[in-house]
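**Student:** My questions all concern the structure below.
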Amino acid sequence: MNMKLSDLTLREKIGQTAMFQSATIMRLEDPQAYLDQNPIGGFWHTCNTSMTATNLTDAPIEHPMNSEFYRKWAQEITAMMKIPPFLALDGPSTGIATDTPPMVSKPVIGAANDDSFAYEFGKYRALAARAVGANWIWSPNIDIASRFAAVSLMRTCSHDLEKLCRLSWQITKGIQDEGVAASIKHFPGKDQVEYRDPHFAPAYNHSTLEQWRSLQGKAFKKLIDAGAYSVMVGHQGFPASDDRKLGNTYIPSTLSYNTITGLLKQELGFEGVVITDSIDMAALRVAYPDPTEMY
């Protein structure tokens, strides 16, 4: 399909910046009517995982959760839309479907410390994604692991900067060599003391800009320069970059011009796709108790 940006209405242009959790659409009685009114850019699946604890779903979906179901759903929903959607996968490495063979966790990749193993891991994740109709994977995490932060311990390859960057790039390359976009996350990354999880509470990166540039900033720069297609921005505040407050909390990085434009785009030179973490997460909702004010 050949379509130019100039062919889209203003509502369609705005809609392309939004991605909904697929379960939201699956619950609708008339998804066609909804999508005609709300021309969104795509959908994301939580990978074979219940997200009720973070209020990302409000009721279970009754379906078989196998590859055939998801692939058929992706085909049907694409046929309803004027602009073909992105379909992203988020969550654990095990993939989206119940019939997807299990894969190792990121710390196992770090322990193996083998570039070819990390590459094959990324390649297999991409093949599994394509099998269910997906074209985007929100991975790998390049938050530097910290003993204080459970959110990073099982989701990243290493606390060692060189190993983290090298293996994460191999995962990214494996994904992208199979024609699926990868997304490194969660910019601007972690410090080494924050224990709070932005899924459930406000969280911050307490680094100075100099400390950040020597650790997390360097990790993002290395993978951006290597060719990562997209970057996911996290809700953790970064006072060294933007010390404004919303109520009693520092502004989340997802809402910060200084952090996204100043650091990510201008300082690190990133020219690809920027996406936020889920706007249902508590770190953002604390900043905006009334979510309609967020828009």
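Chain labels run A, B, ... following the order of the structure tokens; each chain numbers its residues from 1, and ligands are numbered from 1 in the order shown.
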With a distance cut-off of 10 Å and only C-alpha atoms, select the neighbouring residues of range 175-178 of chain A, excluding the residue or stretch itself and same-chain residues fewer than 6 positions from it, and output the selection as a list in words.
**Tutor:**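 Residues meeting the cut-off are Tyr119, Glu120, Phe121, Gly122, Lys123, Tyr124, Arg125, Ala126, Leu127, Ala129, Arg130, Asn135, Trp136, Ile137, Ser139, Pro140, Trp169, Gly227, Ala228 and Tyr229 of chain A.
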**Student:** So which bits of range 138-293 of chain A end up helix (DSSP H, G or I) when you DSSP the backbone, as JSON, numbers by chain?
**Tutor:** {"A": [150, 151, 152, 153, 161, 162, 163, 164, 165, 166, 167, 168, 169, 170, 171, 172, 173, 174, 175, 176, 177, 209, 210, 211, 212, 213, 214, 216, 217, 218, 219, 220, 221, 222, 223, 224, 225, 226, 253, 254, 255, 257, 258, 259, 260, 261, 262, 263, 264, 265, 266, 267, 282, 283, 284, 285, 286, 287, 291, 292, 293]}
**Student:** May I ask for the distance between CA of Ile251 in chain A and CA of Ala203 in chain A, given in Å to one decimal place?
**Tutor:**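 Straight-line distance from CA of Ile251 in chain A to CA of Ala203 in chain A works out to 10.3 Å.
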**Student:** Name the residues of range 50-278 of chain A that come out as strand (DSSP E or B) in a backbone DSSP run; write them as a VMD selection string.
**Tutor:** chain A and resid 86 to 90 136 to 137 141 181 to 187 204 230 to 233 237 245 to 246 249 to 250 252 273 to 276
**Student:** Between A:Leu284, A:Leu268, A:Ile77, A:Asp290, which residue has the minimum interatomic distance to Ala201 in chain A, considering only C-alpha atoms?
**Tutor:**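 Checking each candidate against Ala201 in chain A, we get A:Leu284 as the closest.
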**Student:** Tell me, as a list in words, which residues lie within 10 Å of Pro202 in chain A, counting only C-alpha atoms; anything in the same chain fewer than 4 positions away does not count.
**Tutor:** Arg196, Asp197, Pro198, His235, Gln236, Gly237, Asn248, Thr249, Tyr250, Ile251, Pro252, Met281, Ala282, Ala283, Leu284, Arg285, Val286 and Ala287 of chain A
**Student:** List as number ranges by chain the protein and nucleic acid residues near Ser183 in chain A, meaning an atom at most 6 Å away when only C-alpha atoms are counted, but skip any in the same chain fewer than 6 places from it.
**Tutor:** A: 138-139, 230-231
**Student:** Considering only C-alpha atoms, return as a PDB file with N, CA and C atoms, in the first residue's frame whatever protein or nucleic-acid residues lie within 10 Å of range 272-276 of chain A, sequence-local ones (same chain, fewer than 2 positions apart) excluded.
**Tutor:**
```pdb
ATOM      1  N   THR A  17       0.099   7.841  16.447  1.00  0.00           N
ATOM      2  CA  THR A  17       1.041   7.920  17.563  1.00  0.00           C
ATOM      3  C   THR A  17       0.593   7.070  18.753  1.00  0.00           C
ATOM      4  N   ALA A  18      -0.569   6.418  18.680  1.00  0.00           N
ATOM      5  CA  ALA A  18      -1.115   5.664  19.806  1.00  0.00           C
ATOM      6  C   ALA A  18      -1.122   4.171  19.507  1.00  0.00           C
ATOM      7  N   MET A  19      -0.754   3.375  20.519  1.00  0.00           N
ATOM      8  CA  MET A  19      -0.856   1.928  20.425  1.00  0.00           C
ATOM      9  C   MET A  19      -1.646   1.423  21.620  1.00  0.00           C
ATOM     10  N   TRP A 138       9.407  -5.147  21.906  1.00  0.00           N
ATOM     11  CA  TRP A 138       9.894  -4.135  22.842  1.00  0.00           C
ATOM     12  C   TRP A 138      10.940  -4.763  23.760  1.00  0.00           C
ATOM     13  N   ALA A 181      11.328  -5.134  14.099  1.00  0.00           N
ATOM     14  CA  ALA A 181      11.967  -4.016  14.778  1.00  0.00           C
ATOM     15  C   ALA A 181      12.192  -4.361  16.245  1.00  0.00           C
ATOM     16  N   SER A 183      13.327  -2.728  20.175  1.00  0.00           N
ATOM     17  CA  SER A 183      13.254  -1.469  20.910  1.00  0.00           C
ATOM     18  C   SER A 183      14.059  -1.597  22.196  1.00  0.00           C
ATOM     19  N   ILE A 184      15.144  -0.841  22.290  1.00  0.00           N
ATOM     20  CA  ILE A 184      15.933  -0.858  23.524  1.00  0.00           C
ATOM     21  C   ILE A 184      15.238   0.006  24.574  1.00  0.00           C
ATOM     22  N   LYS A 185      15.359  -0.410  25.852  1.00  0.00           N
ATOM     23  CA  LYS A 185      14.594   0.283  26.902  1.00  0.00           C
ATOM     24  C   LYS A 185      15.291   0.110  28.252  1.00  0.00           C
ATOM     25  N   HIS A 186      14.910   0.938  29.265  1.00  0.00           N
ATOM     26  CA  HIS A 186      13.906   1.993  29.295  1.00  0.00           C
ATOM     27  C   HIS A 186      14.643   3.313  29.500  1.00  0.00           C
ATOM     28  N   PHE A 187      14.782   4.109  28.461  1.00  0.00           N
ATOM     29  CA  PHE A 187      15.533   5.357  28.505  1.00  0.00           C
ATOM     30  C   PHE A 187      14.949   6.283  29.574  1.00  0.00           C
ATOM     31  N   ILE A 224      22.397   2.642  19.991  1.00  0.00           N
ATOM     32  CA  ILE A 224      21.856   3.550  18.984  1.00  0.00           C
ATOM     33  C   ILE A 224      22.809   3.641  17.799  1.00  0.00           C
ATOM     34  N   GLY A 227      22.673   0.643  15.547  1.00  0.00           N
ATOM     35  CA  GLY A 227      21.552   0.524  14.621  1.00  0.00           C
ATOM     36  C   GLY A 227      20.220   0.097  15.200  1.00  0.00           C
ATOM     37  N   ALA A 228      19.995   0.281  16.510  1.00  0.00           N
ATOM     38  CA  ALA A 228      18.685  -0.056  17.086  1.00  0.00           C
ATOM     39  C   ALA A 228      17.615   0.817  16.443  1.00  0.00           C
ATOM     40  N   TYR A 229      16.508   0.198  16.053  1.00  0.00           N
ATOM     41  CA  TYR A 229      15.451   0.906  15.329  1.00  0.00           C
ATOM     42  C   TYR A 229      14.636   1.835  16.215  1.00  0.00           C
ATOM     43  N   SER A 230      14.394   1.433  17.475  1.00  0.00           N
ATOM     44  CA  SER A 230      13.526   2.247  18.320  1.00  0.00           C
ATOM     45  C   SER A 230      14.005   2.226  19.763  1.00  0.00           C
ATOM     46  N   VAL A 231      13.542   3.211  20.512  1.00  0.00           N
ATOM     47  CA  VAL A 231      13.882   3.356  21.925  1.00  0.00           C
ATOM     48  C   VAL A 231      12.591   3.566  22.707  1.00  0.00           C
ATOM     49  N   MET A 232      12.427   2.794  23.791  1.00  0.00           N
ATOM     50  CA  MET A 232      11.299   3.015  24.689  1.00  0.00           C
ATOM     51  C   MET A 232      11.762   3.860  25.861  1.00  0.00           C
ATOM     52  N   VAL A 233      10.998   4.913  26.156  1.00  0.00           N
ATOM     53  CA  VAL A 233      11.294   5.797  27.278  1.00  0.00           C
ATOM     54  C   VAL A 233      10.489   5.339  28.483  1.00  0.00           C
ATOM     55  N   GLY A 234      11.150   5.264  29.630  1.00  0.00           N
ATOM     56  CA  GLY A 234      10.495   4.839  30.863  1.00  0.00           C
ATOM     57  C   GLY A 234       9.906   6.003  31.634  1.00  0.00           C
ATOM     58  N   HIS A 235       9.096   5.680  32.634  1.00  0.00           N
ATOM     59  CA  HIS A 235       8.433   6.701  33.435  1.00  0.00           C
ATOM     60  C   HIS A 235       9.270   7.200  34.605  1.00  0.00           C
ATOM     61  N   SER A 253      10.140  10.764  32.787  1.00  0.00           N
ATOM     62  CA  SER A 253      10.932  10.983  31.575  1.00  0.00           C
ATOM     63  C   SER A 253      10.091  10.914  30.314  1.00  0.00           C
ATOM     64  N   THR A 254       9.007  10.159  30.349  1.00  0.00           N
ATOM     65  CA  THR A 254       8.117  10.050  29.191  1.00  0.00           C
ATOM     66  C   THR A 254       7.458  11.372  28.831  1.00  0.00           C
ATOM     67  N   LEU A 255       7.454  12.321  29.759  1.00  0.00           N
ATOM     68  CA  LEU A 255       6.818  13.614  29.510  1.00  0.00           C
ATOM     69  C   LEU A 255       7.836  14.747  29.432  1.00  0.00           C
ATOM     70  N   ILE A 260      13.844  13.533  26.431  1.00  0.00           N
ATOM     71  CA  ILE A 260      13.611  12.866  25.140  1.00  0.00           C
ATOM     72  C   ILE A 260      14.296  13.614  23.996  1.00  0.00           C
ATOM     73  N   LEU A 264      18.134  12.253  24.357  1.00  0.00           N
ATOM     74  CA  LEU A 264      18.030  11.127  23.428  1.00  0.00           C
ATOM     75  C   LEU A 264      18.254  11.543  21.976  1.00  0.00           C
ATOM     76  N   LYS A 265      17.555  12.579  21.545  1.00  0.00           N
ATOM     77  CA  LYS A 265      17.622  12.950  20.123  1.00  0.00           C
ATOM     78  C   LYS A 265      18.825  13.830  19.804  1.00  0.00           C
ATOM     79  N   GLY A 269      21.903  11.596  19.423  1.00  0.00           N
ATOM     80  CA  GLY A 269      21.731  11.558  17.972  1.00  0.00           C
ATOM     81  C   GLY A 269      20.740  10.516  17.475  1.00  0.00           C
ATOM     82  N   PHE A 270      19.768  10.133  18.294  1.00  0.00           N
ATOM     83  CA  PHE A 270      18.817   9.105  17.870  1.00  0.00           C
ATOM     84  C   PHE A 270      17.789   9.690  16.908  1.00  0.00           C
ATOM     85  N   SER A 278       4.006   1.931  29.023  1.00  0.00           N
ATOM     86  CA  SER A 278       2.552   1.969  29.160  1.00  0.00           C
ATOM     87  C   SER A 278       2.100   3.146  30.019  1.00  0.00           C
ATOM     88  N   ILE A 279       1.096   3.868  29.539  1.00  0.00           N
ATOM     89  CA  ILE A 279       0.605   5.022  30.291  1.00  0.00           C
ATOM     90  C   ILE A 279      -0.329   4.612  31.420  1.00  0.00           C
TER      91      ILE A 279
END
```
**Student:** Expressed in Å to a single decimal, how great is the separation between CA of Cys157 in chain A and CA of Pro107 in chain A?
**Tutor:** 4.8 Å
**Student:** Write out as a list in words the residues lying within 12 Å of Gly15 in chain A, counting only C-alpha atoms and excluding same-chain residues fewer than 6 positions away.
**Tutor:**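 Here the answer would be Leu8, Thr9, Leu35, Asp36, Gln37, Asn38, Pro39, Ile40, Gly41, Gly42, Phe43, Met81, Lys82, Ile83 and Pro85 of chain A.
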